[in-house]
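Structure data follow from model.txt (compact mmCIF, C-alpha atoms and all ligand atoms):
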```
# COMPACT_ATOMS: atom_id res chain seq x y z
CA MET K 26 -14.55 38.25 73.51
CA LEU K 27 -17.32 35.62 73.57
CA SER K 28 -17.83 33.64 70.43
CA ALA K 29 -21.26 32.57 69.22
CA LYS K 30 -22.49 29.06 68.54
CA ILE K 31 -25.52 27.67 66.78
CA ALA K 32 -27.30 26.01 69.68
CA GLY K 33 -30.34 24.67 67.81
CA VAL K 34 -31.53 24.23 64.23
CA GLY K 35 -34.99 23.64 62.79
CA HIS K 36 -36.87 23.78 59.53
CA TYR K 37 -40.34 23.56 58.13
CA VAL K 38 -41.50 22.85 54.60
CA PRO K 39 -45.14 22.92 53.55
CA GLU K 40 -46.88 19.62 52.83
CA GLN K 41 -47.88 20.41 49.27
CA ILE K 42 -45.36 18.91 46.82
CA VAL K 43 -45.31 20.48 43.35
CA SER K 44 -43.46 18.38 40.78
CA ASN K 45 -41.91 19.69 37.57
CA ASN K 46 -44.62 17.90 35.63
CA HIS K 47 -47.23 19.74 37.67
CA LEU K 48 -45.84 23.06 36.40
CA THR K 49 -46.26 22.00 32.77
CA ALA K 50 -50.00 22.50 33.26
CA TYR K 51 -49.38 26.26 33.51
CA MET K 52 -46.39 26.98 31.27
CA ASP K 53 -44.34 25.66 28.40
CA THR K 54 -41.62 23.75 30.25
CA SER K 55 -40.63 20.16 30.92
CA ASP K 56 -39.33 17.98 33.73
CA GLU K 57 -36.28 17.25 31.58
CA TRP K 58 -35.43 20.95 31.02
CA ILE K 59 -35.81 21.85 34.69
CA GLN K 60 -33.78 18.88 35.96
CA GLU K 61 -31.03 19.30 33.41
CA ARG K 62 -30.54 23.05 34.02
CA THR K 63 -31.23 23.25 37.75
CA GLY K 64 -31.26 19.78 39.32
CA ILE K 65 -34.73 20.50 40.76
CA LYS K 66 -37.28 17.66 40.75
CA GLU K 67 -39.94 19.17 42.97
CA ARG K 68 -40.58 22.01 45.38
CA ARG K 69 -43.05 22.74 48.18
CA PHE K 70 -45.77 25.37 47.97
CA ALA K 71 -47.39 26.82 51.06
CA ASP K 72 -51.09 26.49 51.61
CA ARG K 73 -52.45 29.52 49.76
CA THR K 74 -54.42 31.00 52.64
CA GLY K 75 -53.44 28.89 55.64
CA GLU K 76 -49.71 29.58 55.58
CA THR K 77 -47.61 32.71 55.33
CA THR K 78 -43.91 33.46 55.43
CA THR K 79 -44.26 34.15 59.16
CA THR K 80 -46.32 31.06 60.04
CA MET K 81 -43.74 28.82 58.35
CA ALA K 82 -40.97 30.64 60.21
CA ILE K 83 -42.77 30.00 63.49
CA GLN K 84 -42.87 26.26 62.78
CA ALA K 85 -39.13 26.22 62.09
CA ALA K 86 -38.41 28.46 65.08
CA ARG K 87 -40.28 26.17 67.50
CA VAL K 88 -38.03 23.26 66.53
CA ALA K 89 -34.83 25.32 66.73
CA ILE K 90 -35.79 26.79 70.10
CA GLU K 91 -36.58 23.38 71.56
CA ARG K 92 -33.37 21.85 70.24
CA ALA K 93 -31.43 24.74 71.75
CA GLY K 94 -32.90 23.83 75.11
CA THR K 95 -34.56 27.20 75.54
CA THR K 96 -38.04 28.71 75.28
CA ALA K 97 -39.67 31.46 73.24
CA GLU K 98 -39.82 33.61 76.41
CA GLU K 99 -36.05 33.39 76.76
CA ILE K 100 -35.28 34.61 73.24
CA ASP K 101 -33.84 38.12 73.55
CA PHE K 102 -33.59 39.19 69.89
CA ILE K 103 -35.17 38.20 66.55
CA ILE K 104 -33.52 38.47 63.15
CA PHE K 105 -35.83 37.61 60.26
CA ALA K 106 -34.54 37.27 56.70
CA THR K 107 -37.01 37.17 53.81
CA LEU K 108 -37.80 38.73 50.44
CA SER K 109 -41.43 37.62 50.55
CA PRO K 110 -42.79 39.26 53.71
CA ASP K 111 -46.39 38.94 54.86
CA TYR K 112 -46.74 42.74 54.67
CA TYR K 113 -44.73 45.35 52.78
CA PHE K 114 -44.40 46.77 56.26
CA PRO K 115 -44.18 46.09 59.16
CA GLY K 116 -41.70 43.26 58.79
CA CYS K 117 -42.22 39.62 59.69
CA GLY K 118 -40.11 39.89 62.85
CA VAL K 119 -42.87 41.60 64.82
CA LEU K 120 -45.52 39.18 63.52
CA LEU K 121 -43.40 36.31 64.78
CA GLN K 122 -42.78 38.08 68.11
CA ARG K 123 -46.54 38.54 68.55
CA ALA K 124 -47.54 35.03 67.50
CA MET K 125 -44.87 33.35 69.63
CA LYS K 126 -45.80 35.53 72.63
CA MET K 127 -42.21 36.65 73.07
CA LYS K 128 -41.17 39.50 75.34
CA GLU K 129 -40.93 43.05 73.94
CA ILE K 130 -37.55 42.24 72.43
CA GLY K 131 -35.95 43.77 69.37
CA ALA K 132 -36.98 42.40 65.98
CA LEU K 133 -34.85 43.09 62.92
CA ASP K 134 -35.85 42.27 59.35
CA ILE K 135 -33.11 41.57 56.82
CA ARG K 136 -33.57 42.18 53.09
CA ASN K 137 -30.66 40.44 51.48
CA GLN K 138 -32.46 37.86 49.41
CA CYS K 139 -30.46 34.67 48.87
CA SER K 140 -27.68 35.77 51.20
CA GLY K 141 -30.17 37.00 53.81
CA PHE K 142 -29.51 34.15 56.22
CA VAL K 143 -25.73 34.57 56.14
CA TYR K 144 -26.14 38.31 56.72
CA ALA K 145 -28.59 37.62 59.56
CA LEU K 146 -26.25 35.10 61.17
CA SER K 147 -23.41 37.60 60.94
CA VAL K 148 -25.49 40.19 62.81
CA ALA K 149 -26.37 37.64 65.48
CA ASP K 150 -22.70 36.72 65.80
CA GLN K 151 -21.74 40.35 66.46
CA PHE K 152 -24.46 40.84 69.09
CA ILE K 153 -23.38 37.69 70.95
CA LYS K 154 -19.69 38.67 70.74
CA THR K 155 -20.34 42.05 72.29
CA GLY K 156 -22.44 40.48 75.03
CA MET K 157 -25.51 42.51 74.01
CA TYR K 158 -27.74 39.39 73.65
CA ARG K 159 -27.46 35.75 74.72
CA ASN K 160 -30.29 33.94 72.93
CA ILE K 161 -30.95 35.14 69.39
CA LEU K 162 -33.49 33.60 67.02
CA VAL K 163 -32.39 33.83 63.38
CA VAL K 164 -34.92 32.77 60.74
CA GLY K 165 -35.08 32.65 56.97
CA SER K 166 -38.48 32.05 55.44
CA GLU K 167 -40.08 32.46 52.02
CA LYS K 168 -43.51 32.09 50.45
CA HIS K 169 -42.43 32.52 46.85
CA SER K 170 -45.41 30.71 45.40
CA PHE K 171 -47.62 33.73 46.04
CA GLY K 172 -45.65 36.11 43.83
CA LEU K 173 -44.36 34.27 40.77
CA ASP K 174 -45.43 34.48 37.15
CA PHE K 175 -46.66 30.97 36.38
CA SER K 176 -47.22 31.71 32.69
CA THR K 177 -44.59 30.79 30.07
CA ARG K 178 -43.35 34.40 30.27
CA GLY K 179 -42.07 33.81 33.80
CA ARG K 180 -40.81 30.24 33.41
CA ASN K 181 -37.10 30.96 33.80
CA ILE K 182 -37.84 32.11 37.37
CA SER K 183 -40.98 30.36 38.50
CA VAL K 184 -39.61 26.83 38.02
CA ILE K 185 -36.69 27.55 40.33
CA PHE K 186 -38.31 28.82 43.51
CA GLY K 187 -40.06 27.05 46.36
CA ASP K 188 -41.44 27.79 49.83
CA GLY K 189 -40.13 26.89 53.27
CA ALA K 190 -38.46 28.12 56.42
CA GLY K 191 -35.38 27.43 58.52
CA ALA K 192 -34.27 28.76 61.89
CA VAL K 193 -31.36 28.68 64.30
CA VAL K 194 -30.83 29.85 67.86
CA VAL K 195 -27.50 31.57 68.44
CA GLN K 196 -25.98 31.60 71.93
CA PRO K 197 -22.55 32.21 73.49
CA ALA K 198 -20.21 29.28 72.83
CA ASP K 199 -19.36 26.88 75.65
CA ARG K 200 -15.68 26.52 74.96
CA GLU K 201 -12.70 28.12 73.27
CA GLY K 202 -12.56 27.57 69.52
CA GLN K 203 -16.20 26.52 69.21
CA GLY K 204 -18.87 28.34 67.20
CA ILE K 205 -18.88 30.92 64.42
CA LEU K 206 -15.22 31.54 63.59
CA SER K 207 -15.92 34.42 61.22
CA THR K 208 -18.41 35.79 58.71
CA HIS K 209 -17.63 37.53 55.42
CA LEU K 210 -20.14 39.82 53.73
CA HIS K 211 -19.96 41.48 50.31
CA SER K 212 -22.03 43.43 47.81
CA ASP K 213 -21.76 44.79 44.29
CA GLY K 214 -24.75 46.86 43.21
CA GLU K 215 -23.50 47.29 39.64
CA SER K 216 -25.94 44.64 38.42
CA ALA K 217 -28.76 45.30 40.89
CA GLU K 218 -31.38 45.21 38.14
CA LEU K 219 -30.36 41.78 36.78
CA LEU K 220 -32.19 39.90 39.53
CA ALA K 221 -34.88 42.10 40.95
CA MET K 222 -38.51 42.73 41.66
CA PHE K 223 -39.03 46.42 40.92
CA ASN K 224 -42.61 46.96 41.95
CA PRO K 225 -44.21 48.09 44.10
CA GLY K 226 -41.44 50.56 44.84
CA THR K 227 -40.51 54.25 44.85
CA HIS K 228 -38.00 54.08 41.99
CA ALA K 229 -40.16 55.75 39.28
CA ASN K 230 -37.72 54.20 36.76
CA HIS K 231 -35.01 56.52 38.13
CA TRP K 232 -32.27 53.90 37.84
CA THR K 233 -33.22 52.46 34.48
CA ASN K 234 -34.32 55.68 32.73
CA GLU K 235 -37.16 53.81 31.06
CA PRO K 236 -40.18 55.93 30.14
CA LEU K 237 -42.98 56.02 32.67
CA ALA K 238 -45.99 55.52 30.42
CA SER K 239 -48.72 56.50 32.83
CA PHE K 240 -46.82 59.22 34.68
CA ASP K 241 -48.74 62.11 33.13
CA GLU K 242 -52.04 60.62 34.13
CA ALA K 243 -50.99 60.01 37.71
CA PRO K 244 -52.03 62.47 40.36
CA ILE K 245 -49.42 63.70 42.82
CA GLY K 246 -47.50 60.69 44.15
CA ASN K 247 -49.34 57.47 43.42
CA MET K 248 -46.70 55.78 41.25
CA PHE K 249 -46.12 53.08 43.82
CA MET K 250 -48.52 50.73 42.14
CA SER K 251 -50.51 51.27 38.96
CA HIS K 252 -52.93 49.45 36.69
CA GLN K 253 -50.17 49.46 34.08
CA MET K 254 -47.93 47.44 36.38
CA ILE K 255 -50.62 44.82 36.70
CA ASP K 256 -51.56 44.85 33.00
CA GLN K 257 -47.93 44.54 31.89
CA ALA K 258 -46.97 41.93 34.50
CA GLN K 259 -44.50 44.29 36.16
CA LEU K 260 -45.23 42.97 39.63
CA TYR K 261 -43.10 39.85 39.24
CA PRO K 262 -39.41 39.20 39.83
CA THR K 263 -37.15 39.34 36.77
CA MET K 264 -33.80 37.65 36.27
CA ASP K 265 -31.00 37.41 33.75
CA GLY K 266 -30.28 33.77 34.63
CA PRO K 267 -27.03 33.31 32.66
CA ALA K 268 -25.54 36.55 34.09
CA VAL K 269 -26.41 35.50 37.63
CA PHE K 270 -24.93 32.05 37.00
CA LYS K 271 -21.63 33.48 35.72
CA LYS K 272 -21.19 35.79 38.70
CA ALA K 273 -22.26 33.15 41.24
CA ILE K 274 -19.66 30.60 40.16
CA VAL K 275 -16.92 33.19 40.74
CA LYS K 276 -18.15 34.64 44.03
CA PHE K 277 -19.08 31.37 45.77
CA PRO K 278 -15.54 29.90 45.69
CA GLU K 279 -14.02 33.31 46.41
CA VAL K 280 -15.98 33.88 49.61
CA ILE K 281 -15.50 30.29 50.79
CA MET K 282 -11.73 30.61 50.33
CA GLU K 283 -11.78 34.00 52.05
CA ALA K 284 -13.25 32.30 55.14
CA LEU K 285 -10.81 29.39 55.07
CA ASN K 286 -7.79 31.60 54.41
CA ARG K 287 -8.69 33.84 57.34
CA HIS K 288 -8.05 30.85 59.63
CA HIS K 289 -5.19 29.29 57.62
CA LEU K 290 -7.42 26.33 56.77
CA GLN K 291 -7.65 24.30 53.55
CA THR K 292 -10.64 22.96 51.63
CA SER K 293 -9.57 19.50 52.84
CA ASP K 294 -10.25 20.68 56.42
CA LEU K 295 -13.91 21.26 55.61
CA ASN K 296 -16.32 18.65 56.91
CA LEU K 297 -19.35 20.19 55.27
CA LEU K 298 -20.04 23.00 52.84
CA ILE K 299 -23.66 24.11 52.73
CA PRO K 300 -24.04 26.36 49.71
CA HIS K 301 -27.19 28.38 49.22
CA GLN K 302 -29.37 26.13 47.06
CA ALA K 303 -29.59 28.36 43.97
CA ASN K 304 -29.04 25.77 41.29
CA LEU K 305 -27.45 22.32 41.55
CA ARG K 306 -25.21 23.18 38.57
CA ILE K 307 -23.76 26.14 40.51
CA ALA K 308 -23.13 23.95 43.57
CA GLN K 309 -21.48 21.27 41.41
CA PHE K 310 -19.27 23.84 39.74
CA VAL K 311 -18.18 25.17 43.15
CA GLN K 312 -17.52 21.62 44.38
CA GLN K 313 -15.35 20.80 41.37
CA HIS K 314 -13.53 24.11 41.49
CA LEU K 315 -12.65 23.62 45.18
CA LYS K 316 -11.95 19.90 44.64
CA LEU K 317 -14.38 18.86 47.36
CA ARG K 318 -15.61 15.28 47.74
CA ASP K 319 -19.34 14.53 47.52
CA ASP K 320 -19.52 13.95 51.27
CA GLN K 321 -18.14 17.46 51.90
CA VAL K 322 -21.07 19.23 50.19
CA PHE K 323 -24.73 19.12 51.17
CA ASN K 324 -27.44 19.76 48.57
CA ASN K 325 -31.20 19.30 48.79
CA ILE K 326 -32.36 21.55 45.96
CA GLU K 327 -33.84 18.58 44.12
CA LYS K 328 -36.60 18.40 46.77
CA TYR K 329 -37.22 22.05 47.56
CA GLY K 330 -36.00 24.26 44.72
CA ASN K 331 -34.45 27.57 45.66
CA THR K 332 -35.99 28.84 48.90
CA THR K 333 -33.83 31.99 48.99
CA ALA K 334 -33.27 33.13 52.61
CA ALA K 335 -34.59 29.80 53.89
CA SER K 336 -32.36 27.55 51.81
CA ILE K 337 -29.26 27.49 54.04
CA PRO K 338 -31.08 26.99 57.37
CA ILE K 339 -33.30 24.29 55.83
CA ALA K 340 -30.22 22.49 54.49
CA LEU K 341 -28.34 22.99 57.75
CA SER K 342 -31.24 21.54 59.72
CA GLU K 343 -31.62 18.57 57.36
CA ALA K 344 -27.89 17.86 57.36
CA TRP K 345 -27.86 17.99 61.16
CA GLU K 346 -30.87 15.64 61.37
CA LEU K 347 -29.08 13.21 59.06
CA GLY K 348 -26.08 13.18 61.39
CA LYS K 349 -23.84 14.87 58.84
CA ILE K 350 -22.74 17.53 61.34
CA GLN K 351 -20.95 16.41 64.50
CA THR K 352 -19.38 18.30 67.38
CA GLY K 353 -16.00 19.65 66.29
CA ASP K 354 -16.83 19.61 62.57
CA LEU K 355 -15.82 22.52 60.36
CA VAL K 356 -18.91 23.76 58.52
CA CYS K 357 -19.01 26.51 55.93
CA LEU K 358 -22.19 28.30 54.86
CA ALA K 359 -21.98 30.31 51.64
CA ALA K 360 -24.54 32.33 49.73
CA PHE K 361 -24.87 34.50 46.66
CA GLY K 362 -27.88 36.30 45.26
CA SER K 363 -29.75 39.38 44.15
CA GLY K 364 -27.99 42.68 44.76
CA TYR K 365 -25.57 41.18 44.14
CA THR K 366 -24.84 40.31 47.75
CA TRP K 367 -22.86 37.31 48.91
CA GLY K 368 -21.22 35.99 52.04
CA SER K 369 -19.94 33.08 54.05
CA ALA K 370 -19.82 31.89 57.63
CA LEU K 371 -17.25 29.44 58.95
CA ILE K 372 -18.36 27.46 61.98
CA ARG K 373 -16.63 25.01 64.32
CA TRP K 374 -19.61 22.95 65.44
C1 LIG Y 401 -32.31 30.23 35.12
C2 LIG Y 401 -31.42 29.18 34.50
C3 LIG Y 401 -31.77 27.81 35.03
C4 LIG Y 401 -31.65 29.21 33.01
O1 LIG Y 401 -30.80 28.28 32.39
P1 LIG Y 401 -29.96 28.74 31.11
O2 LIG Y 401 -29.31 27.53 30.59
O3 LIG Y 401 -29.09 29.86 31.53
O4 LIG Y 401 -31.08 29.16 30.14
P2 LIG Y 401 -31.35 30.54 29.39
O5 LIG Y 401 -31.94 31.54 30.34
O6 LIG Y 401 -30.13 30.92 28.64
O7 LIG Y 401 -32.46 30.09 28.40
C5 LIG Y 401 -32.25 29.06 27.44
C6 LIG Y 401 -33.56 28.77 26.74
O8 LIG Y 401 -34.43 28.07 27.63
C7 LIG Y 401 -35.69 28.72 27.69
N1 LIG Y 401 -36.25 28.54 29.02
C8 LIG Y 401 -36.12 29.35 30.12
N2 LIG Y 401 -36.78 28.83 31.14
C9 LIG Y 401 -37.34 27.67 30.71
C10 LIG Y 401 -38.14 26.68 31.33
N3 LIG Y 401 -38.51 26.75 32.62
N4 LIG Y 401 -38.52 25.63 30.58
C11 LIG Y 401 -38.16 25.51 29.30
N5 LIG Y 401 -37.41 26.42 28.66
C12 LIG Y 401 -37.00 27.48 29.36
C13 LIG Y 401 -35.39 30.15 27.38
O9 LIG Y 401 -36.54 30.80 26.91
C14 LIG Y 401 -34.33 30.02 26.33
O10 LIG Y 401 -34.96 29.74 25.10
P3 LIG Y 401 -34.39 30.37 23.74
O11 LIG Y 401 -33.00 29.83 23.62
O12 LIG Y 401 -35.34 29.86 22.74
O13 LIG Y 401 -34.42 31.85 23.94
C15 LIG Y 401 -29.93 29.47 34.80
O14 LIG Y 401 -29.51 30.58 34.07
C16 LIG Y 401 -29.66 29.71 36.24
O15 LIG Y 401 -29.91 28.87 37.09
N6 LIG Y 401 -29.09 30.86 36.58
C17 LIG Y 401 -28.81 31.20 37.97
C18 LIG Y 401 -30.08 31.64 38.57
C19 LIG Y 401 -30.07 31.65 40.05
O16 LIG Y 401 -29.37 30.90 40.68
N7 LIG Y 401 -30.89 32.51 40.60
C20 LIG Y 401 -31.11 32.57 41.99
C21 LIG Y 401 -30.31 33.60 42.63
S1 LIG Y 401 -29.04 32.97 43.55
```
Any chance you could give the structure as structure tokens?
Amino acid sequence: MLSAKIAGVGHYVPEQIVSNNHLTAYMDTSDEWIQERTGIKERRFADRTGETTTTMAIQAARVAIERAGTTAEEIDFIIFATLSPDYYFPGCGVLLQRAMKMKEIGALDIRNQCSGFVYALSVADQFIKTGMYRNILVVGSEKHSFGLDFSTRGRNISVIFGDGAGAVVVQPADREGQGILSTHLHSDGESAELLAMFNPGTHANHWTNEPLASFDEAPIGNMFMSHQMIDQAQLYPTMDGPAVFKKAIVKFPEVIMEALNRHHLQTSDLNLLIPHQANLRIAQFVQQHLKLRDDQVFNNIEKYGNTTAASIPIALSEAWELGKIQTGDLVCLAAFGSGYTWGSALIRW
């Protein structure tokens, strides 16, 4: 069976830098609180009208495609991971296909939030292994700034997230032992509501059993979006931060060790761990727990915040540009997020 390699990496972050101090103009928070709890100093916000999740993805994709030594016309499948799509439907994959003038290839959108990129990479890996495709574009992109609650009510979430995009091109490996060694995907929906954006949606409070205040007034259907949702700020993401933190620090090390154990490797064999940039404190906990040196872990959350599906490919691209990933290196990508879903990918570069 063919194995798959990452042939090219690229990323794009918007120009607009938003510091922690900048956010204090809108909510009761402080640079000190944000840095102490999350490690974030600043994040990027997309141009409000000039940039979308898809346009940022295109910028990242162009770089990845060029570095892979291929062209947009040669891409034979698109996998697009995001939780902040341009449209509720259709997905961003087709918008990218159209804008990049690609052939009438398949375009798959992945909705796995913070672990979206690892899930997407796993799908690409399987398609390459079976010989179905030979040149797959995998992107993660987010325009969070458009959908966050920037009042004090939403501060536990809105200070964490930032915008950006990352992309890779996945191709058959050139030699034995090179490329994606394995991917490991997991989910546990027990706590699905602890990190979620409920509306607009078709749930009608089915899963939470909360009363639907305006149900009686609604005509047939029409509960997808209501004035009440807007009035009561129910169109924003919600998160039980401490619960997410507690689960993340268990599942990150578990899924990293699962990948290493599969290949009878040790943490000392790892050249670089790129954890999803959720919170620097989570990454530090994982590093300590696995007894990894500083040079074995790559973090850039202080500059970009949490960019969800984009965080791993942005970090991968930056690490590669900085020369931190060399041919033959053992690289592990690991993610955890809403769902909960989590996963890892172990790669021999
Ligand atoms: C969100 C997170 C940073 C909050 O840190 P925390 O130490 O757990 O803080 P808590 O939520 O317990 O809140 C502590 C206090 O800070 C306050 N607070 C929350 N956000 C704040 C902000 N931006 N600025 C100032 N104060 C804030 C809370 O209101 C609370 O005040 P109270 O004690 O008076 O009620 C942290 O829980 C976290 O990072 N969790 C993981 C989230 C994550 O990674 N999500 C992405 C998915 S992978």
*Tell me, as a PyMOL selection string, which residues lie within 7 Å of range 184-199 of chain K, counting only C-alpha atoms; anything in the same chain fewer than 2 positions away does not count.*
chain K and resi 27-39+68-71+81-82+85-86+89-90+93+149+153+159-170+180-182+203-204+329-332+335+338-339
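The residues sitting within 7 Å of ligand LIG 401 (chain Y), with all atoms listed in the file considered, come out as Asp53, Thr54, Ser55, Trp58, Ile59, Arg62, Thr63, Cys139, Arg180, Asn181, Ile182, Val184, Asp265, Gly266, Pro267, Val269, Phe270, Ala303, Asn304, Phe361, Gly362 and Ser363 of chain K.
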*What does the distance between CA of Met254 in chain K and CA of Thr80 in chain K come to in Å, to one decimal place?*
28.8 Å
_Contact residues around Gln351 in chain K with only C-alpha atoms at 12 Å, ignoring same-chain residues under 6 positions, as a list in words_ = Asn296, Leu297, Leu341, Ala344, Trp345, Ile372, Arg373 and Trp374 of chain K
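Remark: for Ala132 in chain K, the closest of the candidate residues K:Glu343, K:Asp101, K:Glu76, K:Glu327 is K:Asp101 (distances computed over all atoms listed in the file).
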*Using all atoms listed in the file, find the one residue out of K:Ile350, K:Leu305, K:Leu317, K:Val280 that sits nearest to Glu61 in chain K.*
K:Leu305
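With distances restricted to all atoms listed in the file, K:Trp367 is the closest residue to Val275 in chain K from K:Trp367, K:Met248, K:Phe152, K:Ile255.
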*asked:* Could you list, as a VMD selection string, every residue within 10 Å of Ile130 in chain K, counting all atoms listed in the file and ignoring same-chain residues fewer than 3 positions away?
replied: chain K and resid 98 to 103 119 122 127 133
*Calculate how many Å separate CA of Ala273 in chain K from CA of Thr49 in chain K, rounding to one decimal.*
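These atoms are spaced 27.8 Å apart.
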*Give as a PyMOL selection string every residue, naming chains and numbers as the document does, that has an atom within 10 Å of (-44.5, 46.7, 39.9), counting only C-alpha atoms.*
chain K and resi 222-227+248-255+257-262
*From the list K:Val322, K:Val143, K:Ile65, K:Ala340, which residue is nearest Phe310 in chain K when using all atoms listed in the file?*
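Closest residue, counting all atoms listed in the file: K:Val322.
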*Kindly give the distance, in Å, that separates CA of Glu215 in chain K and CA of Glu283 in chain K, rounded to a single decimal.*
21.6 Å
